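Here is the file model01.cif (mmCIF, C-alpha atoms).
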data_start
loop_
_atom_site.label_atom_id
_atom_site.label_comp_id
_atom_site.auth_asym_id
_atom_site.auth_seq_id
_atom_site.Cartn_x
_atom_site.Cartn_y
_atom_site.Cartn_z
CA MET A 29 74.60 108.71 -135.05
CA ARG A 30 74.54 105.35 -136.81
CA CYS A 31 71.51 103.35 -137.78
CA ARG A 32 70.63 100.74 -135.15
CA ASN A 33 70.12 98.23 -138.01
CA ARG A 34 73.78 98.41 -139.02
CA GLN A 35 74.23 94.66 -138.46
CA SER A 36 71.48 94.08 -141.02
CA GLY A 37 73.41 96.00 -143.67
CA CYS A 38 72.13 99.56 -143.24
CA PHE A 39 74.86 102.22 -143.00
CA GLY A 40 72.60 105.23 -142.56
CA THR A 41 73.96 108.12 -140.46
CA ALA A 42 72.59 111.36 -139.03
CA ARG A 43 73.60 114.23 -136.78
CA VAL A 44 71.93 116.09 -133.94
CA TYR A 45 73.35 119.38 -132.67
CA ARG A 46 73.13 120.09 -128.94
CA ASP A 47 71.51 123.49 -129.47
CA GLU A 48 68.86 121.95 -131.77
CA ILE A 49 68.38 118.56 -130.23
CA ASP A 50 64.95 118.01 -131.78
CA VAL A 51 66.27 118.31 -135.35
CA LEU A 52 67.67 115.16 -136.95
CA ILE A 53 70.02 115.97 -139.86
CA GLU A 54 70.41 113.06 -142.24
CA GLY A 55 73.90 112.15 -143.42
CA GLN A 56 74.05 108.92 -145.36
CA SER A 57 70.65 107.59 -146.38
CA HIS A 58 69.22 104.38 -144.98
CA SER A 59 69.11 101.31 -147.16
CA ALA A 60 65.84 100.68 -148.96
CA SER A 61 65.03 97.66 -146.78
CA CYS A 62 65.78 99.39 -143.47
CA ILE A 63 62.93 99.88 -141.03
CA GLN A 64 63.73 103.27 -139.52
CA SER A 65 63.34 104.05 -135.85
CA GLU A 66 60.87 106.77 -134.90
CA GLU A 67 62.46 107.05 -131.45
CA ALA A 68 65.88 108.26 -132.66
CA VAL A 69 65.49 111.89 -131.59
CA ARG A 70 63.95 110.93 -128.25
CA ILE A 71 66.86 108.57 -127.59
CA VAL A 72 69.34 111.37 -128.32
CA ARG A 73 67.40 113.71 -126.01
CA PHE A 74 67.45 111.10 -123.25
CA LYS A 75 71.21 110.59 -123.61
CA GLU A 76 71.79 114.34 -123.61
CA GLU A 77 69.83 114.65 -120.36
CA LEU A 78 71.99 111.87 -118.93
CA ARG A 79 75.11 113.80 -119.97
CA HIS A 80 73.90 117.04 -118.37
CA ALA A 81 73.04 115.23 -115.14
CA ALA A 82 76.41 113.47 -115.06
CA ILE A 83 78.40 116.71 -115.33
CA ARG A 84 76.10 118.63 -112.98
CA ASP A 85 75.75 116.32 -109.98
CA PHE A 86 78.28 113.94 -108.49
CA THR A 87 75.90 111.01 -108.21
CA ARG A 88 76.29 107.30 -108.86
CA PRO A 89 75.67 106.44 -112.54
CA ARG A 90 72.84 104.10 -111.64
CA GLU A 91 71.07 106.81 -109.64
CA ILE A 92 71.44 109.29 -112.51
CA TYR A 93 69.96 106.78 -114.94
CA ASP A 94 67.09 105.72 -112.68
CA ALA A 95 66.02 109.32 -111.99
CA LEU A 96 65.79 110.18 -115.69
CA ALA A 97 64.31 106.82 -116.62
CA LEU A 98 61.23 107.81 -114.60
CA VAL A 99 60.81 110.86 -116.85
CA TYR A 100 61.71 109.14 -120.13
CA ASP A 101 60.27 105.74 -119.30
CA ASP A 102 59.36 104.80 -122.88
CA VAL A 103 62.83 105.68 -124.21
CA ALA A 104 64.63 104.12 -121.24
CA ALA A 105 63.12 100.80 -122.28
CA LEU A 106 65.15 101.12 -125.49
CA VAL A 107 68.34 102.35 -123.78
CA PRO A 108 69.20 100.00 -120.90
CA PHE A 109 71.53 101.15 -118.17
CA ARG A 110 74.34 98.80 -119.16
CA SER A 111 74.52 100.44 -122.60
CA VAL A 112 75.18 103.93 -121.17
CA ARG A 113 76.96 103.19 -117.90
CA GLY A 114 80.40 103.71 -119.47
CA SER A 115 79.32 106.98 -121.10
CA ILE A 116 77.90 108.35 -117.84
CA THR A 117 81.16 107.51 -116.06
CA ARG A 118 83.22 109.23 -118.78
CA TRP A 119 81.01 112.31 -118.78
CA ARG A 120 81.30 112.61 -115.02
CA ALA A 121 85.08 112.22 -115.16
CA THR A 122 85.35 115.30 -117.40
CA MET A 123 83.95 117.50 -114.61
CA PHE A 124 84.76 115.81 -111.32
CA PRO A 125 88.16 114.62 -110.05
CA PRO A 126 88.53 110.98 -109.04
CA SER A 127 87.82 110.00 -105.45
CA SER A 128 90.65 110.85 -103.09
CA ASN A 129 92.92 107.99 -102.02
CA SER A 130 94.44 109.83 -99.06
CA LEU A 131 94.21 113.03 -97.04
CA MET A 132 97.11 114.46 -99.01
CA ASP A 133 95.32 113.62 -102.25
CA MET A 134 92.21 115.37 -100.97
CA SER A 135 94.21 118.47 -100.01
CA LEU A 136 95.76 118.62 -103.48
CA GLN A 137 92.35 118.34 -105.11
CA LEU A 138 90.88 121.07 -102.91
CA SER A 139 93.75 123.45 -103.66
CA ASN A 140 93.87 122.68 -107.39
CA PRO A 141 92.59 125.76 -109.33
CA ARG A 142 91.12 123.42 -111.97
CA ASN A 143 88.62 122.19 -109.37
CA ALA A 144 87.54 125.68 -108.26
CA ARG A 145 84.41 125.50 -110.43
CA LEU A 146 83.07 122.74 -108.19
CA PHE A 147 82.63 125.21 -105.34
CA PHE A 148 80.50 127.75 -107.17
CA HIS A 149 76.80 127.78 -106.38
CA GLU A 150 73.90 129.88 -107.59
CA ARG A 151 74.58 132.79 -105.23
CA GLY A 152 78.27 132.62 -104.52
CA PHE A 153 81.35 130.55 -103.88
CA LEU A 154 82.56 128.21 -101.17
CA THR A 155 85.98 129.00 -99.73
CA THR A 156 88.10 125.93 -98.97
CA ARG A 157 90.65 125.99 -96.18
CA ILE A 158 93.15 123.33 -95.17
CA PHE A 159 94.38 123.51 -91.59
CA ARG A 160 96.42 121.45 -89.15
CA ASP A 161 96.07 120.99 -85.42
CA ILE A 162 98.89 121.01 -82.88
CA ASP A 163 99.52 117.32 -83.62
CA ASP A 164 100.09 118.20 -87.31
CA LYS A 165 96.95 116.36 -88.38
CA MET A 166 95.21 117.71 -91.49
CA HIS A 167 91.60 118.87 -91.54
CA PHE A 168 89.41 120.85 -93.95
CA LEU A 169 86.90 123.67 -93.83
CA LEU A 170 84.37 124.90 -96.40
CA TYR A 171 82.27 128.04 -96.04
CA ASP A 172 80.77 130.92 -97.97
CA SER A 173 82.56 134.04 -96.74
CA ASP A 174 79.76 136.33 -97.99
CA VAL A 175 77.16 134.44 -95.96
CA VAL A 176 79.36 134.51 -92.85
CA ALA A 177 79.90 138.26 -93.27
CA LYS A 178 76.14 138.80 -93.58
CA VAL A 179 75.10 136.88 -90.46
CA VAL A 180 78.10 137.37 -88.18
CA GLY A 181 76.69 140.48 -86.51
CA HIS A 182 73.37 138.78 -85.70
CA ILE A 183 74.58 135.50 -84.21
CA ARG A 184 73.60 134.73 -80.63
CA THR A 185 73.27 130.94 -80.88
CA ILE A 186 75.31 128.40 -82.80
CA MET A 187 74.73 124.66 -83.14
CA LEU A 188 77.25 121.95 -84.01
CA ASP A 189 76.35 118.56 -85.46
CA PHE A 190 78.75 115.78 -86.48
CA THR A 191 78.21 112.71 -88.63
CA TYR A 192 80.13 109.92 -90.33
CA ASN A 193 77.29 108.89 -92.63
CA THR A 194 77.58 111.82 -95.04
CA CYS A 195 81.26 112.31 -95.60
CA SER A 196 84.10 111.48 -97.97
CA VAL A 197 85.85 108.14 -97.50
CA VAL A 198 89.64 107.84 -97.68
CA PRO A 199 91.75 104.84 -96.64
CA ASP A 200 94.05 106.65 -94.22
CA ALA A 201 91.41 108.44 -92.09
CA ASN A 202 87.93 108.00 -90.65
CA LEU A 203 86.56 111.36 -91.77
CA GLN A 204 83.86 113.14 -89.85
CA LEU A 205 81.66 115.96 -91.17
CA GLY A 206 80.93 118.73 -88.70
CA THR A 207 78.27 121.30 -89.60
CA VAL A 208 78.13 124.62 -87.76
CA MET A 209 74.73 126.31 -87.90
CA CYS A 210 73.73 129.71 -86.60
CA VAL A 211 70.27 130.91 -85.63
CA TYR A 212 69.46 133.80 -87.97
CA HIS A 213 66.02 135.44 -87.83
CA GLY A 214 64.62 132.34 -86.13
CA HIS A 215 66.06 129.83 -88.59
CA ALA A 216 69.07 127.51 -88.23
CA ILE A 217 71.37 128.30 -91.17
CA PRO A 218 74.39 126.04 -91.94
CA VAL A 219 77.42 128.30 -92.44
CA LEU A 220 80.55 126.19 -91.83
CA TRP A 221 81.41 122.63 -92.82
CA PHE A 222 84.41 120.98 -91.17
CA ILE A 223 85.84 117.71 -92.47
CA MET A 224 87.78 116.35 -89.51
CA SER A 225 90.32 113.53 -89.84
CA ARG A 226 90.68 112.94 -86.08
CA ARG A 227 88.44 113.03 -83.01
CA THR A 228 91.10 114.25 -80.62
CA THR A 229 90.90 117.12 -78.15
CA ASN A 230 93.57 119.02 -80.07
CA ALA A 231 91.65 118.62 -83.33
CA TYR A 232 88.47 120.03 -81.79
CA ARG A 233 90.40 122.82 -80.09
CA LYS A 234 91.75 123.90 -83.45
CA MET A 235 88.27 123.74 -84.95
CA CYS A 236 86.87 125.89 -82.13
CA SER A 237 89.66 128.44 -82.56
CA ILE A 238 88.69 128.83 -86.22
CA ILE A 239 85.03 129.27 -85.27
CA ARG A 240 86.04 131.99 -82.81
CA GLU A 241 88.19 133.61 -85.50
CA LEU A 242 85.37 133.72 -88.06
CA PHE A 243 82.76 134.82 -85.51
CA ALA A 244 85.04 137.22 -83.64
CA THR A 245 82.53 140.08 -83.83
CA SER A 246 79.54 137.94 -82.83
CA ASN A 247 77.96 138.02 -79.40
CA ILE A 248 77.46 134.26 -78.98
CA LEU A 249 75.46 133.44 -75.86
CA THR A 250 74.50 129.80 -76.48
CA ILE A 251 76.27 126.82 -78.08
CA VAL A 252 74.32 123.63 -78.75
CA THR A 253 76.11 120.41 -79.76
CA ASP A 254 75.59 116.67 -79.88
CA PHE A 255 77.96 114.23 -78.19
#
Transcribe the structure of this file into structure tokens.
Amino acid sequence: MRCRNRQSGCFGTARVYRDEIDVLIEGQSHSASCIQSEEAVRIVRFKEELRHAAIRDFTRPREIYDALALVYDDVAALVPFRSVRGSITRWRATMFPPSSNSLMDMSLQLSNPRNARLFFHERGFLTTRIFRDIDDKMHFLLYDSDVVAKVVGHIRTIMLDFTYNTCSVVPDANLQLGTVMCVYHGHAIPVLWFIMSRRTTNAYRKMCSIIRELFATSNILTIVTDF
């Protein structure tokens, strides 16, 4: 860290370690005329929270900043968004791949072992599957195989819901997110997520064949879907 009064001739420096963020370790002393900032440690803490949020959640930089600015409102007044926007973008880039520019790009990112960490959650791991319909169009599936294995013997009703509003955007396809939910002990549990690149009969037939494959041992009596 460098003194914020550097332009006034102070070349004071200090360090803060991430495992002891509340401890400011002085390096080079401040000049005698320098008016030191009492908010230095709080500013570092605020920036460290921004860094953690940027590498944890794939959210727009402005949304990350605004959420934490509500918690650290006094410090946020000293650290405007424009001063940390570049840092938030760089932090996020170290953990998340860039947005896909095509379906092929998306397939490469999903199959890249370096991105496998993105599919871990607190209780397991999401399996990613790339499949093609009879027209050789590419689609994607995400699901937790452990969850499917747990509920498959109890499924009697499944529900399908499709949306364009919450889905990736690529130039060469109008992607659609299809969520498959099953009724388990009286609750609708999402278990499969299809990212469909086409709305054709053959695309949906392929999707249904995969659902039948994964729920082969289920006794499904009712299917509910929107249209």
Fill in: Sphere at (94.9, 113.1, -80.8), radius 10 Å, counting all atoms listed in the file: residues as a ChimeraX atom specification
/A:161-165,226-232
Discussion item. Evaluate the PyMOL selection byres ((chain A and resi 168) around 8) against this structure - the residues, as a list in words, please.
Written reply: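 That selection, the PyMOL selection byres ((chain A and resi 168) around 8), comes back as Thr156, Arg157, Ile158, Phe159, Met166, His167, Leu169, Leu170, Phe222, Ile223 and Met224 of chain A.
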Worksheet item: Near Thr245 of chain A, within 10 Å and counting all atoms listed in the file, which residues show up once chain neighbours fewer than 6 positions away are dropped, as a list in words?
Response: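 Close residues of Thr245 of chain A: Ala177, Val180, Gly181, His182 and Ile183 of chain A.
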Please save C-alpha atoms of the selected residues as a compact mmCIF listing (two decimals), keeping the file's coordinate frame.
# COMPACT_ATOMS: atom_id res chain seq x y z
CA ALA A 177 79.90 138.26 -93.27
CA VAL A 180 78.10 137.37 -88.18
CA GLY A 181 76.69 140.48 -86.51
CA HIS A 182 73.37 138.78 -85.70
CA ILE A 183 74.58 135.50 -84.21
What are the nearest atom pairs, with distances in Å to one decimal, for all residues of segment 46-155 of chain A that come at most 12 Å from segment 185-203 of chain A, using all atoms listed in the file, set out by chain and rising residue number as a tab-separated table?
residue	atom	partner	partner_atom	distance
A:Pro126	CA	A:Val198	CA	11.8
A:Ser127	CA	A:Val198	CA	8.3
A:Ser128	CA	A:Val198	CA	6.3
A:Asn129	CA	A:Val198	CA	5.4
A:Ser130	CA	A:Val198	CA	5.4
A:Leu131	CA	A:Val198	CA	6.9
A:Met132	CA	A:Asp200	CA	9.7
A:Asp133	CA	A:Val198	CA	9.3
A:Met134	CA	A:Val198	CA	8.6
A:Ser135	CA	A:Val198	CA	11.8
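We find atom CA of Val175 of chain A and atom CA of Asp85 of chain A to be spaced 23.0 Å apart.
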Worksheet item: If you apply the PyMOL selection byres ((chain A and resi 104) around 12) to this file, what residues do you get, as a VMD selection string?
Response: chain A and resid 67 70 to 75 77 to 78 93 to 103 105 to 112
Pick out the residues sitting within 8 Å of Pro218 of chain A, and hand them over as a PDB file with C-alpha atoms, keeping the file's coordinate frame; count only C-alpha atoms, and ignore anything fewer than 4 positions along from it in its own chain.
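The new file part.pdb reads:
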ATOM      1  CA  THR A 207      78.270 121.300 -89.600  1.00  0.00           C
ATOM      2  CA  VAL A 208      78.130 124.620 -87.760  1.00  0.00           C
ATOM      3  CA  MET A 209      74.730 126.310 -87.900  1.00  0.00           C
ATOM      4  CA  CYS A 210      73.730 129.710 -86.600  1.00  0.00           C
TER       5      CYS A 210
END
Worksheet item: Just how far from atom CA of Ile217 of chain A is atom CA of Ser173 of chain A, in Å to one decimal?
Response: 13.8 Å
Worksheet item: Closest to Thr250 of chain A among A:His149, A:Arg184, A:Arg90, A:Arg160, using only C-alpha atoms?
Response: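 Smallest distance to Thr250 of chain A is found for A:Arg184.
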Item to complete: Compare A:Trp221, A:Tyr212, A:Phe147, A:Trp119 by their minimum atom-to-atom distance to Glu76 of chain A, counting all atoms listed in the file, and give me the closest one.
Response: A:Trp119
Practice prompt. For the structure shown, which residues end up in the PyMOL selection byres ((chain A and resi 88) around 12)? Put them as number ranges by chain, please?
Written response: A: 78, 81-83, 85-87, 89-95, 113-114, 116-117, 120-121
Saved selection, atoms kept: C-alpha atoms, as a CSV table (one decimal), keeping the file's coordinate frame:
chain,number,residue,atom,x,y,z
A,78,LEU,CA,72.0,111.9,-118.9
A,81,ALA,CA,73.0,115.2,-115.1
A,82,ALA,CA,76.4,113.5,-115.1
A,83,ILE,CA,78.4,116.7,-115.3
A,85,ASP,CA,75.8,116.3,-110.0
A,86,PHE,CA,78.3,113.9,-108.5
A,87,THR,CA,75.9,111.0,-108.2
A,89,PRO,CA,75.7,106.4,-112.5
A,90,ARG,CA,72.8,104.1,-111.6
A,91,GLU,CA,71.1,106.8,-109.6
A,92,ILE,CA,71.4,109.3,-112.5
A,93,TYR,CA,70.0,106.8,-114.9
A,94,ASP,CA,67.1,105.7,-112.7
A,95,ALA,CA,66.0,109.3,-112.0
A,113,ARG,CA,77.0,103.2,-117.9
A,114,GLY,CA,80.4,103.7,-119.5
A,116,ILE,CA,77.9,108.4,-117.8
A,117,THR,CA,81.2,107.5,-116.1
A,120,ARG,CA,81.3,112.6,-115.0
A,121,ALA,CA,85.1,112.2,-115.2
For segment 206-214 of chain A, what centre and edge lengths in Å (one decimal) does the axis-aligned box get once 5 Å is added on each side of all its listed atoms, as JSON?
{"center_x": 72.8, "center_y": 127.1, "center_z": -87.6, "size_x": 26.3, "size_y": 26.7, "size_z": 14.0}
Worksheet entry | Non-local contacts of Arg142 of chain A (12 Å; all atoms listed in the file; under 6 positions in same chain excluded) as a PyMOL selection string | chain A and resi 122-125+136
Practice prompt. Would you mind reading off the distance between atom CA of Asp172 of chain A and atom CA of Asp254 of chain A, one decimal, in Å?
Written response: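 Answer for the atom CA of Asp172 of chain A to atom CA of Asp254 of chain A separation: 23.6 Å.
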